[in-house]
>>> print(open('upload_23.cif').read())   # mmCIF, C-alpha atoms
data_target
loop_
_atom_site.group_PDB
_atom_site.id
_atom_site.type_symbol
_atom_site.label_atom_id
_atom_site.label_comp_id
_atom_site.auth_asym_id
_atom_site.auth_seq_id
_atom_site.Cartn_x
_atom_site.Cartn_y
_atom_site.Cartn_z
ATOM 1 C CA MET A 1172 94.856 130.441 67.078
ATOM 2 C CA ASP A 1173 95.409 127.082 65.485
ATOM 3 C CA SER A 1174 92.860 124.912 67.292
ATOM 4 C CA ASN A 1175 93.843 121.912 65.177
ATOM 5 C CA LYS A 1176 97.091 121.682 67.079
ATOM 6 C CA TYR A 1177 95.226 121.598 70.394
ATOM 7 C CA LEU A 1178 92.975 118.849 69.099
ATOM 8 C CA GLU A 1179 96.040 116.877 68.061
ATOM 9 C CA ASP A 1180 97.542 117.405 71.511
ATOM 10 C CA ILE A 1181 94.395 116.109 73.207
ATOM 11 C CA SER A 1182 94.274 113.013 71.028
ATOM 12 C CA GLU A 1183 97.986 112.396 71.611
ATOM 13 C CA ILE A 1184 97.387 112.584 75.368
ATOM 14 C CA LYS A 1185 94.504 110.098 75.155
ATOM 15 C CA ASN A 1186 96.484 107.789 72.896
ATOM 16 C CA MET A 1187 99.534 107.716 75.185
ATOM 17 C CA MET A 1188 97.438 107.248 78.324
ATOM 18 C CA SER A 1189 95.630 104.232 76.898
ATOM 19 C CA ARG A 1190 98.615 102.715 75.102
ATOM 20 C CA SER A 1191 100.806 102.923 78.188
ATOM 21 C CA SER A 1192 98.240 101.446 80.559
ATOM 22 C CA ARG A 1193 96.109 99.061 78.503
ATOM 23 C CA PHE A 1194 96.892 96.156 76.234
ATOM 24 C CA ILE A 1195 94.566 96.636 73.280
ATOM 25 C CA SER A 1196 95.513 93.822 70.914
ATOM 26 C CA LEU A 1197 93.404 91.061 72.458
ATOM 27 C CA SER A 1198 91.817 89.329 69.513
ATOM 28 C CA GLY A 1199 88.027 89.094 69.389
ATOM 29 C CA LEU A 1200 88.288 86.129 67.080
ATOM 30 C CA SER A 1201 90.087 84.149 69.798
ATOM 31 C CA GLY A 1202 87.037 84.637 72.061
ATOM 32 C CA ILE A 1203 84.807 83.157 69.369
ATOM 33 C CA MET A 1204 87.170 80.206 68.899
ATOM 34 C CA ALA A 1205 87.405 79.590 72.669
ATOM 35 C CA GLY A 1206 83.608 79.531 72.804
ATOM 36 C CA ILE A 1207 83.397 77.025 69.954
ATOM 37 C CA TYR A 1208 85.983 74.744 71.608
ATOM 38 C CA ALA A 1209 84.021 74.948 74.865
ATOM 39 C CA LEU A 1210 80.771 73.959 73.136
ATOM 40 C CA ILE A 1211 82.481 71.007 71.411
ATOM 41 C CA GLY A 1212 83.959 69.982 74.781
ATOM 42 C CA ALA A 1213 80.577 70.255 76.495
ATOM 43 C CA TYR A 1214 78.984 68.157 73.729
ATOM 44 C CA LEU A 1215 81.662 65.429 74.104
ATOM 45 C CA ALA A 1216 81.352 65.484 77.900
ATOM 46 C CA HIS A 1217 77.602 65.209 77.631
ATOM 47 C CA GLY A 1218 78.065 62.143 75.387
ATOM 48 C CA ILE A 1219 80.337 60.506 77.949
ATOM 49 C CA MET A 1220 77.799 61.112 80.704
ATOM 50 C CA THR A 1221 74.982 59.725 78.593
ATOM 51 C CA ASP A 1222 77.138 56.659 77.830
ATOM 52 C CA ALA A 1223 77.522 56.130 81.553
ATOM 53 C CA GLY A 1224 73.744 55.918 81.810
ATOM 54 C CA ARG A 1225 73.379 59.319 83.355
ATOM 55 C CA ASP A 1226 70.384 61.412 82.550
ATOM 56 C CA TYR A 1227 71.868 64.851 82.887
ATOM 57 C CA PHE A 1228 68.498 66.583 82.986
ATOM 58 C CA SER A 1229 67.612 64.792 86.215
ATOM 59 C CA GLY A 1230 69.844 67.335 87.939
ATOM 60 C CA ARG A 1231 71.532 64.852 90.239
ATOM 61 C CA ALA A 1232 74.380 66.253 92.209
ATOM 62 C CA ASP A 1233 76.770 63.284 92.451
ATOM 63 C CA VAL A 1234 78.817 63.837 89.327
ATOM 64 C CA THR A 1235 81.684 61.586 90.325
ATOM 65 C CA GLY A 1236 79.671 58.846 91.989
ATOM 66 C CA SER A 1237 79.493 56.266 89.211
ATOM 67 C CA ASP A 1238 82.136 53.683 88.251
ATOM 68 C CA ALA A 1239 80.879 53.682 84.685
ATOM 69 C CA LEU A 1240 81.625 57.375 84.312
ATOM 70 C CA ARG A 1241 84.973 57.970 82.632
ATOM 71 C CA ILE A 1242 86.354 60.757 84.790
ATOM 72 C CA ASP A 1243 89.740 60.620 83.051
ATOM 73 C CA ALA A 1244 88.038 61.266 79.711
ATOM 74 C CA LEU A 1245 86.250 64.288 81.186
ATOM 75 C CA TYR A 1246 89.562 65.674 82.493
ATOM 76 C CA GLY A 1247 91.092 65.007 79.076
ATOM 77 C CA ILE A 1248 88.339 67.010 77.369
ATOM 78 C CA ALA A 1249 88.704 69.860 79.862
ATOM 79 C CA ILE A 1250 92.478 70.090 79.382
ATOM 80 C CA GLY A 1251 92.112 69.757 75.596
ATOM 81 C CA VAL A 1252 89.622 72.646 75.471
ATOM 82 C CA LEU A 1253 91.820 74.820 77.705
ATOM 83 C CA VAL A 1254 95.013 74.207 75.704
ATOM 84 C CA ALA A 1255 93.271 74.725 72.345
ATOM 85 C CA ALA A 1256 91.662 77.969 73.544
ATOM 86 C CA VAL A 1257 94.858 79.411 75.060
ATOM 87 C CA VAL A 1258 97.071 78.479 72.091
ATOM 88 C CA THR A 1259 94.563 79.877 69.586
ATOM 89 C CA GLY A 1260 94.221 83.014 71.695
ATOM 90 C CA ILE A 1261 97.987 83.578 71.838
ATOM 91 C CA ILE A 1262 98.460 83.014 68.088
ATOM 92 C CA LEU A 1263 95.600 85.336 67.101
ATOM 93 C CA THR A 1264 96.699 88.005 69.591
ATOM 94 C CA ILE A 1265 100.293 87.928 68.291
ATOM 95 C CA ARG A 1266 98.934 88.350 64.766
ATOM 96 C CA LYS A 1267 96.765 91.263 65.794
ATOM 97 C CA SER A 1268 99.512 92.995 67.778
ATOM 98 C CA ARG A 1269 101.829 92.786 64.729
ATOM 99 C CA LYS A 1270 99.206 94.627 62.734
ATOM 100 C CA SER A 1271 98.651 97.346 65.326
ATOM 101 C CA GLY A 1272 102.381 97.676 66.053
ATOM 102 C CA GLU A 1273 101.903 96.952 69.746
ATOM 103 C CA LYS A 1274 104.535 94.868 71.522
ATOM 104 C CA ILE A 1275 103.147 91.472 72.515
ATOM 105 C CA TRP A 1276 105.078 91.098 75.788
ATOM 106 C CA ASP A 1277 105.472 94.592 77.241
ATOM 107 C CA VAL A 1278 104.549 96.232 80.509
ATOM 108 C CA SER A 1279 100.850 96.483 79.649
ATOM 109 C CA SER A 1280 100.398 92.865 78.506
ATOM 110 C CA LYS A 1281 102.346 91.553 81.505
ATOM 111 C CA ARG A 1282 100.160 93.583 83.827
ATOM 112 C CA LEU A 1283 97.048 92.275 82.069
ATOM 113 C CA VAL A 1284 98.103 88.618 82.369
ATOM 114 C CA LEU A 1285 99.167 89.003 86.009
ATOM 115 C CA ASN A 1286 95.929 90.669 87.093
ATOM 116 C CA PHE A 1287 93.861 88.117 85.188
ATOM 117 C CA LEU A 1288 95.736 85.214 86.776
ATOM 118 C CA ILE A 1289 95.471 86.319 90.420
ATOM 119 C CA PRO A 1290 91.714 85.642 90.862
ATOM 120 C CA LEU A 1291 91.866 82.758 88.383
ATOM 121 C CA LEU A 1292 94.617 80.854 90.220
ATOM 122 C CA ALA A 1293 92.933 81.524 93.584
ATOM 123 C CA GLY A 1294 89.753 80.059 92.076
ATOM 124 C CA GLY A 1295 91.630 77.080 90.639
ATOM 125 C CA VAL A 1296 93.148 76.210 94.015
ATOM 126 C CA PHE A 1297 89.786 76.750 95.705
ATOM 127 C CA CYS A 1298 88.117 74.324 93.275
ATOM 128 C CA LEU A 1299 90.793 71.698 93.978
ATOM 129 C CA VAL A 1300 89.965 72.120 97.675
ATOM 130 C CA LEU A 1301 86.248 71.638 96.901
ATOM 131 C CA ILE A 1302 87.123 68.373 95.110
ATOM 132 C CA GLN A 1303 89.363 67.386 98.035
ATOM 133 C CA TYR A 1304 86.388 67.636 100.401
ATOM 134 C CA GLY A 1305 84.052 65.994 97.908
ATOM 135 C CA ILE A 1306 81.958 69.144 97.392
ATOM 136 C CA VAL A 1307 82.070 68.600 93.631
ATOM 137 C CA TRP A 1308 78.649 70.131 92.993
ATOM 138 C CA LEU A 1309 80.014 73.575 93.788
ATOM 139 C CA VAL A 1310 82.944 73.282 91.346
ATOM 140 C CA ALA A 1311 80.971 74.437 88.284
ATOM 141 C CA PRO A 1312 79.518 77.571 89.936
ATOM 142 C CA ALA A 1313 82.889 78.349 91.549
ATOM 143 C CA THR A 1314 84.763 78.187 88.225
ATOM 144 C CA LEU A 1315 82.213 80.536 86.634
ATOM 145 C CA ILE A 1316 82.360 83.030 89.517
ATOM 146 C CA PHE A 1317 86.171 83.108 89.748
ATOM 147 C CA TYR A 1318 86.544 83.348 85.970
ATOM 148 C CA GLY A 1319 84.143 86.291 86.049
ATOM 149 C CA LEU A 1320 86.152 87.968 88.813
ATOM 150 C CA ALA A 1321 89.338 87.429 86.788
ATOM 151 C CA CYS A 1322 87.736 89.149 83.774
ATOM 152 C CA VAL A 1323 86.487 92.085 85.850
ATOM 153 C CA ASN A 1324 89.952 92.490 87.385
ATOM 154 C CA ALA A 1325 91.681 92.278 83.985
ATOM 155 C CA SER A 1326 89.301 94.845 82.479
ATOM 156 C CA LYS A 1327 91.286 97.706 84.017
ATOM 157 C CA TYR A 1328 94.241 96.780 81.825
ATOM 158 C CA THR A 1329 92.612 96.201 78.438
ATOM 159 C CA LEU A 1330 89.592 97.385 76.453
ATOM 160 C CA GLY A 1331 86.693 97.731 78.871
ATOM 161 C CA ASP A 1332 84.156 95.351 77.323
ATOM 162 C CA ILE A 1333 85.592 92.314 79.105
ATOM 163 C CA ARG A 1334 84.216 93.803 82.338
ATOM 164 C CA TYR A 1335 80.627 93.142 81.259
ATOM 165 C CA MET A 1336 81.413 89.566 80.284
ATOM 166 C CA GLY A 1337 82.995 89.098 83.716
ATOM 167 C CA ILE A 1338 79.895 90.410 85.467
ATOM 168 C CA ALA A 1339 77.729 88.110 83.313
ATOM 169 C CA PHE A 1340 79.905 85.143 84.384
ATOM 170 C CA ILE A 1341 79.603 86.046 88.067
ATOM 171 C CA VAL A 1342 75.800 86.299 87.830
ATOM 172 C CA LEU A 1343 75.642 83.017 85.893
ATOM 173 C CA GLY A 1344 77.785 81.279 88.512
ATOM 174 C CA LEU A 1345 75.591 82.553 91.339
ATOM 175 C CA ILE A 1346 72.439 81.372 89.521
ATOM 176 C CA ASN A 1347 74.157 78.024 88.992
ATOM 177 C CA THR A 1348 74.448 77.559 92.779
ATOM 178 C CA GLN A 1349 70.643 77.193 92.837
ATOM 179 C CA PHE A 1350 70.623 74.626 90.008
ATOM 180 C CA ILE A 1351 73.128 72.093 91.300
ATOM 181 C CA GLY A 1352 73.726 69.212 88.907
ATOM 182 C CA TYR A 1353 73.300 71.282 85.750
ATOM 183 C CA GLY A 1354 76.873 72.561 85.848
ATOM 184 C CA LEU A 1355 77.679 71.332 82.350
ATOM 185 C CA TYR A 1356 74.862 73.406 80.852
ATOM 186 C CA PHE A 1357 75.921 76.478 82.760
ATOM 187 C CA TRP A 1358 79.499 75.890 81.602
ATOM 188 C CA ALA A 1359 78.363 75.568 77.999
ATOM 189 C CA LEU A 1360 76.331 78.777 78.340
ATOM 190 C CA GLY A 1361 79.192 80.699 80.000
ATOM 191 C CA PHE A 1362 82.419 79.442 78.437
ATOM 192 C CA GLY A 1363 80.675 78.642 75.149
ATOM 193 C CA VAL A 1364 77.926 81.132 74.371
ATOM 194 C CA PHE A 1365 79.223 84.104 76.426
ATOM 195 C CA HIS A 1366 82.698 83.803 74.866
ATOM 196 C CA ILE A 1367 81.263 83.668 71.350
ATOM 197 C CA LEU A 1368 79.056 86.699 72.030
ATOM 198 C CA TYR A 1369 81.899 88.677 73.601
ATOM 199 C CA GLY A 1370 84.341 87.668 70.853
ATOM 200 C CA ALA A 1371 81.875 88.654 68.126
ATOM 201 C CA ILE A 1372 81.217 92.052 69.740
ATOM 202 C CA MET A 1373 84.960 92.682 70.136
ATOM 203 C CA HIS A 1374 85.642 91.530 66.591
ATOM 204 C CA PHE A 1375 83.117 93.829 64.968
ATOM 205 C CA LYS A 1376 83.845 96.753 67.278
ATOM 206 C CA TYR A 1377 87.678 96.744 67.154
ATOM 207 C CA ASP A 1378 89.255 94.137 64.856
ATOM 208 C CA LYS A 1379 87.418 95.413 61.812
ATOM 209 C CA THR A 1380 88.385 99.034 62.191
ATOM 210 C CA SER A 1381 92.047 98.368 63.030
ATOM 211 C CA SER A 1382 92.722 96.123 60.030
ATOM 212 C CA MET B 1342 92.791 136.512 81.927
ATOM 213 C CA SER B 1343 93.146 135.052 78.490
ATOM 214 C CA LEU B 1344 92.614 131.338 77.955
ATOM 215 C CA ILE B 1345 95.978 131.057 76.329
ATOM 216 C CA ASP B 1346 97.677 131.940 79.640
ATOM 217 C CA ASN B 1347 96.830 128.510 81.004
ATOM 218 C CA ILE B 1348 98.661 126.749 78.207
ATOM 219 C CA ASN B 1349 101.833 125.537 79.801
ATOM 220 C CA LYS B 1350 104.937 126.117 77.695
ATOM 221 C CA ALA B 1351 106.672 123.154 79.337
ATOM 222 C CA PHE B 1352 104.113 120.793 77.791
ATOM 223 C CA ASP B 1353 104.060 122.443 74.395
ATOM 224 C CA HIS B 1354 105.882 119.636 72.627
ATOM 225 C CA ARG B 1355 104.703 116.210 71.460
ATOM 226 C CA ILE B 1356 107.325 114.257 73.394
ATOM 227 C CA ARG B 1357 106.974 116.156 76.671
ATOM 228 C CA LEU B 1358 103.214 115.846 76.319
ATOM 229 C CA GLY B 1359 103.643 112.100 75.796
ATOM 230 C CA ILE B 1360 105.944 111.673 78.800
ATOM 231 C CA MET B 1361 103.456 113.447 81.079
ATOM 232 C CA SER B 1362 100.485 111.479 79.674
ATOM 233 C CA ILE B 1363 102.239 108.187 80.379
ATOM 234 C CA LEU B 1364 103.240 109.253 83.890
ATOM 235 C CA MET B 1365 99.701 110.411 84.693
ATOM 236 C CA VAL B 1366 98.350 106.858 84.390
ATOM 237 C CA ASN B 1367 101.415 104.876 85.493
ATOM 238 C CA ASP B 1368 103.087 105.162 88.892
ATOM 239 C CA TYR B 1369 106.454 104.710 87.222
ATOM 240 C CA ALA B 1370 107.866 104.328 83.752
ATOM 241 C CA ASP B 1371 111.462 103.472 82.999
ATOM 242 C CA PHE B 1372 113.560 104.989 80.250
ATOM 243 C CA ASN B 1373 113.073 102.095 77.833
ATOM 244 C CA MET B 1374 109.309 102.015 78.288
ATOM 245 C CA LEU B 1375 109.105 105.732 77.467
ATOM 246 C CA LYS B 1376 111.429 105.242 74.517
ATOM 247 C CA GLU B 1377 109.354 102.409 73.045
ATOM 248 C CA LEU B 1378 106.020 104.150 73.547
ATOM 249 C CA LEU B 1379 107.144 107.507 72.203
ATOM 250 C CA GLU B 1380 109.401 106.095 69.466
ATOM 251 C CA VAL B 1381 112.251 108.512 70.046
ATOM 252 C CA THR B 1382 116.031 108.267 70.247
ATOM 253 C CA ASP B 1383 117.911 108.125 73.565
ATOM 254 C CA GLY B 1384 119.328 111.611 73.275
ATOM 255 C CA ASN B 1385 116.047 113.181 72.257
ATOM 256 C CA LEU B 1386 114.167 111.571 75.141
ATOM 257 C CA ALA B 1387 116.900 112.476 77.647
ATOM 258 C CA SER B 1388 116.766 116.157 76.764
ATOM 259 C CA HIS B 1389 112.981 116.262 77.205
ATOM 260 C CA THR B 1390 113.000 114.383 80.516
ATOM 261 C CA LYS B 1391 115.679 116.792 81.711
ATOM 262 C CA ALA B 1392 113.527 119.773 80.804
ATOM 263 C CA LEU B 1393 110.577 118.363 82.768
ATOM 264 C CA GLU B 1394 112.848 117.454 85.667
ATOM 265 C CA LYS B 1395 114.129 121.038 85.791
ATOM 266 C CA GLU B 1396 110.543 122.251 86.226
ATOM 267 C CA ALA B 1397 110.155 119.650 89.025
ATOM 268 C CA TYR B 1398 107.236 118.111 87.123
ATOM 269 C CA ILE B 1399 108.842 114.674 87.139
ATOM 270 C CA LYS B 1400 111.321 113.002 89.432
ATOM 271 C CA VAL B 1401 114.060 110.626 88.450
ATOM 272 C CA GLU B 1402 115.172 107.542 90.318
ATOM 273 C CA LYS B 1403 118.349 105.764 89.401
ATOM 274 C CA GLN B 1404 118.761 102.250 90.658
ATOM 275 C CA PHE B 1405 120.325 98.940 89.766
ATOM 276 C CA ILE B 1406 118.368 95.903 88.634
ATOM 277 C CA GLY B 1407 120.992 93.240 89.134
ATOM 278 C CA ARG B 1408 124.016 94.868 87.528
ATOM 279 C CA LYS B 1409 122.119 96.925 85.004
ATOM 280 C CA PRO B 1410 121.521 100.557 85.788
ATOM 281 C CA ASN B 1411 117.883 101.482 85.469
ATOM 282 C CA THR B 1412 116.409 104.947 85.314
ATOM 283 C CA ARG B 1413 112.772 105.346 86.111
ATOM 284 C CA TYR B 1414 110.533 108.362 86.152
ATOM 285 C CA ALA B 1415 107.451 109.402 88.103
ATOM 286 C CA ALA B 1416 105.270 112.485 87.936
ATOM 287 C CA THR B 1417 105.448 114.768 90.972
ATOM 288 C CA ALA B 1418 102.289 116.116 92.615
ATOM 289 C CA SER B 1419 102.927 119.571 91.184
ATOM 290 C CA GLY B 1420 103.590 118.016 87.757
ATOM 291 C CA LYS B 1421 100.238 116.239 87.825
ATOM 292 C CA LYS B 1422 98.452 119.388 88.873
ATOM 293 C CA ALA B 1423 100.138 121.468 86.191
ATOM 294 C CA PHE B 1424 99.340 118.875 83.539
ATOM 295 C CA GLU B 1425 95.674 118.719 84.563
ATOM 296 C CA LYS B 1426 95.487 122.493 84.228
ATOM 297 C CA HIS B 1427 97.113 122.227 80.821
ATOM 298 C CA ILE B 1428 94.548 119.628 79.648
ATOM 299 C CA GLU B 1429 91.703 121.820 80.914
ATOM 300 C CA ALA B 1430 93.102 124.776 79.003
ATOM 301 C CA LEU B 1431 93.400 122.683 75.837
ATOM 302 C CA GLU B 1432 89.818 121.493 76.151
ATOM 303 C CA LYS B 1433 88.531 125.021 76.620
ATOM 304 C CA LEU B 1434 90.502 126.211 73.615
ATOM 305 C CA ILE B 1435 88.966 123.612 71.318
ATOM 306 C CA GLY B 1436 85.559 124.614 72.653
ATOM 307 C CA LYS B 1437 84.537 121.524 74.574
#
>>> encode(input="upload_23.cif", output="structure tokens")
Amino acid sequence: MDSNKYLEDISEIKNMMSRSSRFISLSGLSGIMAGIYALIGAYLAHGIMTDAGRDYFSGRADVTGSDALRIDALYGIAIGVLVAAVVTGIILTIRKSRKSGEKIWDVSSKRLVLNFLIPLLAGGVFCLVLIQYGIVWLVAPATLIFYGLACVNASKYTLGDIRYMGIAFIVLGLINTQFIGYGLYFWALGFGVFHILYGAIMHFKYDKTSS
Amino acid sequence: MSLIDNINKAFDHRIRLGIMSILMVNDYADFNMLKELLEVTDGNLASHTKALEKEAYIKVEKQFIGRKPNTRYAATASGKKAFEKHIEALEKLIGK
């Protein structure tokens, strides 16, 4: 019998199963860029804190306590980093999906975004509540943990590697709870270094072969 | 019994194989989703879904989303079982 045909059938089955349930065009490069933006943001934020006469290495918990600290500038940096990372991510992913012939806004990408956003939005609201009650020292660990949960949840709907980054974020966030006051460093390590590592792995594993 | 006996004739076509693969990992798929993924024409897809429906391997639900008619498909329990057997047979045949 022609066993080549059976092999083709098996690979067609695998291909259809993964294409219909997972969005595979997430760009690795966008992870690297998001990490770089995060490191720049952390560097700027660190400068603002130093300007306000804060020695970050002292590990003091009261991040919002000082009048000299420009909270609005810190928010500005945070929003700037987020917007830059998301816009870059969308542009690079559209470019990659054009190459692979995958639709950018189909059932699988919608499912991916939705399942990523559920834990992330819950975490966002939870962090606002922490700020409301003045428990600001738990905001950094909470963002890391919820972001990690969002990645783990999203991993069912895209290439699996994001799962390990999510777990790394959760562990980092939990460790952070024991080092209150160093949130900025943990952020830089997570959103900066972890993203760059993950993006580089994704880039060399998938982007290279598909282009 | 020969290995070849487990190869299911109903799945012996690229498009029917594709439809079943998609419905194995998705609870539902509508007509347009199948069409886009499999890159086939309306008529071609319709004839293959009909063939699978006749075997009771998939079920069809017609409904309205707003005013637009929408046809969605799901694999039946017996369809899933038959397809699993088919995959097993394929794997044995290629000597896995």
>>> residues_near_point(input="upload_23.cif", point="(84.6, 63.8, 80.2)", cutoff="8 Å", atoms="only C-alpha atoms", output="MDAnalysis selection string")
chainID A and resid 1215:1217 1219:1220 1241:1249
>>> interface_residues(input="upload_23.cif", of="chain B", to="chain A", cutoff="10 Å", atoms="only C-alpha atoms", output="JSON, numbers by chain")
{"B": [1345, 1348, 1352, 1353, 1354, 1355, 1356, 1358, 1359, 1360, 1361, 1362, 1363, 1364, 1365, 1366, 1367, 1370, 1374, 1375, 1377, 1378, 1379, 1428, 1429, 1430, 1431, 1432, 1433, 1434, 1435, 1436]}
>>> residues_around(input="upload_23.cif", residues="Leu1393 in chain B", least_positions_apart="6", cutoff="9 Å", atoms="all atoms listed in the file", output="list of chain:residue names")
B:Ala1351, B:Phe1352, B:Arg1357, B:Met1361, B:Ile1399, B:Lys1400, B:Gly1420
>>> write_last_selection(input="upload_23.cif", atoms="C-alpha atoms", output="PDB file, in the coordinates of the input")
ATOM      1  CA  ALA B1351     106.672 123.154  79.337  1.00  0.00           C
ATOM      2  CA  PHE B1352     104.113 120.793  77.791  1.00  0.00           C
ATOM      3  CA  ARG B1357     106.974 116.156  76.671  1.00  0.00           C
ATOM      4  CA  MET B1361     103.456 113.447  81.079  1.00  0.00           C
ATOM      5  CA  ILE B1399     108.842 114.674  87.139  1.00  0.00           C
ATOM      6  CA  LYS B1400     111.321 113.002  89.432  1.00  0.00           C
ATOM      7  CA  GLY B1420     103.590 118.016  87.757  1.00  0.00           C
TER       8      GLY B1420
END
>>> resolve_selection(input="upload_23.cif", expression="the PyMOL selection byres ((chain A and resi 1365-1380) around 12)", output="PyMOL selection string")
chain A and resi 1195-1210+1256+1260+1263-1264+1266-1268+1270-1271+1315+1318-1319+1322+1329-1341+1343+1357-1364+1381-1382
>>> resolve_selection(input="upload_23.cif", expression="the PyMOL selection byres ((chain A and resi 1283) around 9)", output="PDB file with C-alpha atoms, in the frame of the given file")
ATOM      1  CA  ARG A1193      96.109  99.061  78.503  1.00  0.00           C
ATOM      2  CA  PHE A1194      96.892  96.156  76.234  1.00  0.00           C
ATOM      3  CA  VAL A1278     104.549  96.232  80.509  1.00  0.00           C
ATOM      4  CA  SER A1279     100.850  96.483  79.649  1.00  0.00           C
ATOM      5  CA  SER A1280     100.398  92.865  78.506  1.00  0.00           C
ATOM      6  CA  LYS A1281     102.346  91.553  81.505  1.00  0.00           C
ATOM      7  CA  ARG A1282     100.160  93.583  83.827  1.00  0.00           C
ATOM      8  CA  VAL A1284      98.103  88.618  82.369  1.00  0.00           C
ATOM      9  CA  LEU A1285      99.167  89.003  86.009  1.00  0.00           C
ATOM     10  CA  ASN A1286      95.929  90.669  87.093  1.00  0.00           C
ATOM     11  CA  PHE A1287      93.861  88.117  85.188  1.00  0.00           C
ATOM     12  CA  LEU A1288      95.736  85.214  86.776  1.00  0.00           C
ATOM     13  CA  ASN A1324      89.952  92.490  87.385  1.00  0.00           C
ATOM     14  CA  ALA A1325      91.681  92.278  83.985  1.00  0.00           C
ATOM     15  CA  SER A1326      89.301  94.845  82.479  1.00  0.00           C
ATOM     16  CA  LYS A1327      91.286  97.706  84.017  1.00  0.00           C
ATOM     17  CA  TYR A1328      94.241  96.780  81.825  1.00  0.00           C
ATOM     18  CA  THR A1329      92.612  96.201  78.438  1.00  0.00           C
TER      19      THR A1329
END
>>> atom_distance(input="upload_23.cif", atom1="CA of Leu1299 in chain A", atom2="CA of Gly1354 in chain A")
16.1 Å
>>> residues_near_point(input="upload_23.cif", point="(109.4, 122.1, 85.0)", cutoff="10 Å", atoms="all atoms listed in the file", output="number ranges by chain")
B: 1349-1352, 1390-1399, 1419-1420, 1423
>>> atom_distance(input="upload_23.cif", atom1="CA of Ala1293 in chain A", atom2="CA of Leu1309 in chain A")
15.2 Å
>>> atom_distance(input="upload_23.cif", atom1="CA of Val1254 in chain A", atom2="CA of Ile1346 in chain A")
27.4 Å
